[in-house]
Amino acid sequence: MIEIVNPGPLASIQDLGRTGLRSIGVGSSGAMDPRALRIANRLIGNDDAAAGIEFTYGDFEIRFTQSLDIAISGAAAEIFIDDAATPRWWAQTVHAGQCLRAGFSQSGMRIYLAVGGGIDVPVVMGARATDLKGAFGGLDGRMLQAGDRLQARRPRLGAEITGFGLSKAHHPGLFAEGAEERVLRFVPAAEWDDYDDANQQLFVETDWTVSYDSNRNGSRLEGPQLVPMHRRELLSHGILPGTIQLPPSGQPVVQLQEANTCGGYPKLGALIAADLHRFAQVPLGETVRFKPVMLDEARAADAVEEHRIRAIAR
């Protein structure tokens with residue numbers, strides 16, 4: 001149903017990832033911005049966890065060989081279905097022979113395409129997500145290439161979707177791109193108190209640059225060197241996406257969807273789940289800041305995000 005004409009850089013099939021396998025060394029993988037994928041799926045009546053395509057920085061083109069319901073979400077870019085400009089956070093029915101193409105993203109980093117029923121690839125260890133590091137899941141465990149052909153798991157439902165989407169007036173948070181979106185909340189970790197007040201303030205007051213030496217495993221941050229009051233030799237221990245580690249370089253690293261399941265570097269904290277998707281949309285070379293919060297605030301923020309997604313579904 002779908003032919004990849006040009007995948008753009010680092011396109012892959014992703015769902016919401018794998019759970020319950022970190023104890024045997026299998027990470028989660030999955031969409032870097034799970035909120036965007038969930039919303040795209042809900043726009044066309046899919047299950048939240050249906051597999052879609054994650055495009056990085058846009059610049060892609062695909063062709064449809066049968067009628068299909070689709071939804072587009074995530075980063076802002078010039079997107080066209082044939083010659084008709086199409087907004088993000090948008091759903092419609094496409095027909096055989098039509099093409100979907102996007103320019104480079106203008107803000108944000110990752111664009112998602114959901115299709116009726118999700119992309120039909122084998123379930124591997126409980127998910128269809130591509131684990132690029134482990135080379136399994138998705139389509140042969142790899143990035144998409146020109147010429148790949150993909151199937152949707154569900155034919156078009158009932159009446160044609162003539163086109164509808166989410167507006168900035170009713171869902172401003174989906175279109176927010178200001179400085180406030182780059183202030184990311186984190187819960188301080190066990191080693192946070194290894195740093196004196198000066199280093200803690202330096203961490204939260206610095207505009208950290210997201211290094212070009214970053215990928216789906218993790219993002220390196222560039223800025224002043226952080227130095228603990230005393231250095232610890234830590235045994236490797238479990239880590240999760242969002243963990244902010246501090247290697248000997250003194251430059252923080254934020255672990256992402258294909259992070260290792262364990263590590264031994266000291267931890268400054270962990271990004272809260274409600275902000276991890278925002279970090280995933282920060283383009284390389286741009287800056288972020290960090291704000292410490294307590295666990296109760298992190299849970300409250302998660303509840304707000306969940307309420308927003310349910311409101312969209314209603």
# chains A, B, ... in the order shown; residues from 1 in each chain; ligands from 1

call {"tool": "residues_around", "arguments": {"residues": "A:Gly126", "least_positions_apart": "4", "cutoff": "9 Å", "atoms": "only C-alpha atoms", "output": "list in words"}}
result
Gly17, Arg18 and Thr19 of chain A

call {"tool": "closest_residue", "arguments": {"among": "A:Thr130, A:Met32, A:Met1, A:Arg185", "to": "A:Gln98", "atoms": "only C-alpha atoms"}}
result
A:Met1

call {"tool": "select_by_dssp", "arguments": {"residues": "stretch 70-202 of chain A", "states": "helix (DSSP H, G or I)", "output": "list in words"}}
result
Pro172, Gly173, Leu174, Phe175, Ala179, Glu180, Glu181, Arg182, Trp192, Asp193, Asp194, Asp197, Ala198, Asn199, Gln200, Gln201 and Leu202 of chain A

call {"tool": "write_last_selection", "arguments": {"atoms": "N, CA, C and O atoms", "output": "PDB file, in the first residue's frame"}}
result
ATOM      1  N   PRO A 172      -3.260  24.641  21.732  1.00  0.00           N
ATOM      2  CA  PRO A 172      -2.048  25.456  21.565  1.00  0.00           C
ATOM      3  C   PRO A 172      -0.769  24.718  21.947  1.00  0.00           C
ATOM      4  O   PRO A 172       0.298  24.989  21.380  1.00  0.00           O
ATOM      5  N   GLY A 173      -0.856  23.785  22.899  1.00  0.00           N
ATOM      6  CA  GLY A 173       0.345  23.072  23.318  1.00  0.00           C
ATOM      7  C   GLY A 173       0.987  22.269  22.212  1.00  0.00           C
ATOM      8  O   GLY A 173       2.206  22.053  22.213  1.00  0.00           O
ATOM      9  N   LEU A 174       0.191  21.827  21.236  1.00  0.00           N
ATOM     10  CA  LEU A 174       0.745  21.048  20.133  1.00  0.00           C
ATOM     11  C   LEU A 174       1.553  21.910  19.171  1.00  0.00           C
ATOM     12  O   LEU A 174       2.362  21.393  18.393  1.00  0.00           O
ATOM     13  N   PHE A 175       1.318  23.213  19.207  1.00  0.00           N
ATOM     14  CA  PHE A 175       1.990  24.120  18.274  1.00  0.00           C
ATOM     15  C   PHE A 175       3.028  24.997  18.979  1.00  0.00           C
ATOM     16  O   PHE A 175       3.657  25.840  18.345  1.00  0.00           O
ATOM     17  N   ALA A 179      10.504  29.547  23.882  1.00  0.00           N
ATOM     18  CA  ALA A 179      11.575  29.194  24.806  1.00  0.00           C
ATOM     19  C   ALA A 179      11.072  28.322  25.950  1.00  0.00           C
ATOM     20  O   ALA A 179      11.810  27.486  26.482  1.00  0.00           O
ATOM     21  N   GLU A 180       9.783  28.488  26.313  1.00  0.00           N
ATOM     22  CA  GLU A 180       9.262  27.705  27.437  1.00  0.00           C
ATOM     23  C   GLU A 180       9.253  26.214  27.128  1.00  0.00           C
ATOM     24  O   GLU A 180       9.319  25.372  28.018  1.00  0.00           O
ATOM     25  N   GLU A 181       9.199  25.865  25.828  1.00  0.00           N
ATOM     26  CA  GLU A 181       9.233  24.457  25.450  1.00  0.00           C
ATOM     27  C   GLU A 181      10.617  23.859  25.606  1.00  0.00           C
ATOM     28  O   GLU A 181      10.780  22.639  25.573  1.00  0.00           O
ATOM     29  N   ARG A 182      11.620  24.687  25.774  1.00  0.00           N
ATOM     30  CA  ARG A 182      12.995  24.208  25.912  1.00  0.00           C
ATOM     31  C   ARG A 182      13.446  24.172  27.365  1.00  0.00           C
ATOM     32  O   ARG A 182      14.613  23.917  27.631  1.00  0.00           O
ATOM     33  N   TRP A 192      22.900  13.512  42.674  1.00  0.00           N
ATOM     34  CA  TRP A 192      22.740  14.965  42.561  1.00  0.00           C
ATOM     35  C   TRP A 192      23.472  15.700  43.664  1.00  0.00           C
ATOM     36  O   TRP A 192      24.103  16.733  43.429  1.00  0.00           O
ATOM     37  N   ASP A 193      23.444  15.169  44.881  1.00  0.00           N
ATOM     38  CA  ASP A 193      24.083  15.841  46.016  1.00  0.00           C
ATOM     39  C   ASP A 193      25.597  15.669  46.037  1.00  0.00           C
ATOM     40  O   ASP A 193      26.267  16.200  46.937  1.00  0.00           O
ATOM     41  N   ASP A 194      26.140  14.941  45.065  1.00  0.00           N
ATOM     42  CA  ASP A 194      27.606  14.894  44.931  1.00  0.00           C
ATOM     43  C   ASP A 194      28.137  16.203  44.363  1.00  0.00           C
ATOM     44  O   ASP A 194      29.360  16.410  44.319  1.00  0.00           O
ATOM     45  N   ASP A 197      26.501  23.468  45.537  1.00  0.00           N
ATOM     46  CA  ASP A 197      25.474  24.412  45.076  1.00  0.00           C
ATOM     47  C   ASP A 197      25.878  25.109  43.786  1.00  0.00           C
ATOM     48  O   ASP A 197      25.038  25.350  42.904  1.00  0.00           O
ATOM     49  N   ALA A 198      27.171  25.430  43.669  1.00  0.00           N
ATOM     50  CA  ALA A 198      27.638  26.148  42.475  1.00  0.00           C
ATOM     51  C   ALA A 198      27.446  25.304  41.222  1.00  0.00           C
ATOM     52  O   ALA A 198      26.979  25.791  40.182  1.00  0.00           O
ATOM     53  N   ASN A 199      27.772  23.988  41.296  1.00  0.00           N
ATOM     54  CA  ASN A 199      27.621  23.124  40.136  1.00  0.00           C
ATOM     55  C   ASN A 199      26.151  22.830  39.857  1.00  0.00           C
ATOM     56  O   ASN A 199      25.750  22.743  38.690  1.00  0.00           O
ATOM     57  N   GLN A 200      25.352  22.680  40.887  1.00  0.00           N
ATOM     58  CA  GLN A 200      23.921  22.470  40.663  1.00  0.00           C
ATOM     59  C   GLN A 200      23.293  23.679  39.973  1.00  0.00           C
ATOM     60  O   GLN A 200      22.510  23.532  39.030  1.00  0.00           O
ATOM     61  N   GLN A 201      23.659  24.878  40.433  1.00  0.00           N
ATOM     62  CA  GLN A 201      23.144  26.086  39.798  1.00  0.00           C
ATOM     63  C   GLN A 201      23.657  26.213  38.372  1.00  0.00           C
ATOM     64  O   GLN A 201      22.909  26.634  37.471  1.00  0.00           O
ATOM     65  N   LEU A 202      24.905  25.823  38.150  1.00  0.00           N
ATOM     66  CA  LEU A 202      25.465  25.886  36.799  1.00  0.00           C
ATOM     67  C   LEU A 202      24.659  24.994  35.856  1.00  0.00           C
ATOM     68  O   LEU A 202      24.355  25.384  34.720  1.00  0.00           O
TER      69      LEU A 202
END

call {"tool": "atom_distance", "arguments": {"atom1": "atom CA of A:Pro122", "atom2": "atom CA of A:Gln145"}}
result
18.0 Å

call {"tool": "closest_atom_pairs", "arguments": {"of": "stretch 14-61 of chain A", "to": "stretch 223-242 of chain A", "cutoff": "12 Å", "atoms": "only C-alpha atoms", "output": "tab-separated table"}}
result
residue	atom	partner	partner_atom	distance
A:Gly17	CA	A:Pro241	CA	11.5
A:Thr19	CA	A:Leu240	CA	11.2
A:Gly20	CA	A:Leu240	CA	12.0
A:Leu21	CA	A:Gly238	CA	11.8
A:Arg22	CA	A:Gly238	CA	8.1
A:Ser23	CA	A:Gly238	CA	8.4
A:Ile24	CA	A:Gly238	CA	11.1
A:Gly25	CA	A:Gly238	CA	9.7
A:Val26	CA	A:Leu240	CA	11.4
A:Gly27	CA	A:Leu240	CA	8.5
A:Ser28	CA	A:Pro241	CA	8.3
A:Ser29	CA	A:Pro241	CA	9.3
A:Gly30	CA	A:Pro241	CA	10.8
A:Ala31	CA	A:Pro241	CA	11.6
A:Met32	CA	A:Pro241	CA	9.7
A:Asp33	CA	A:Pro241	CA	11.8
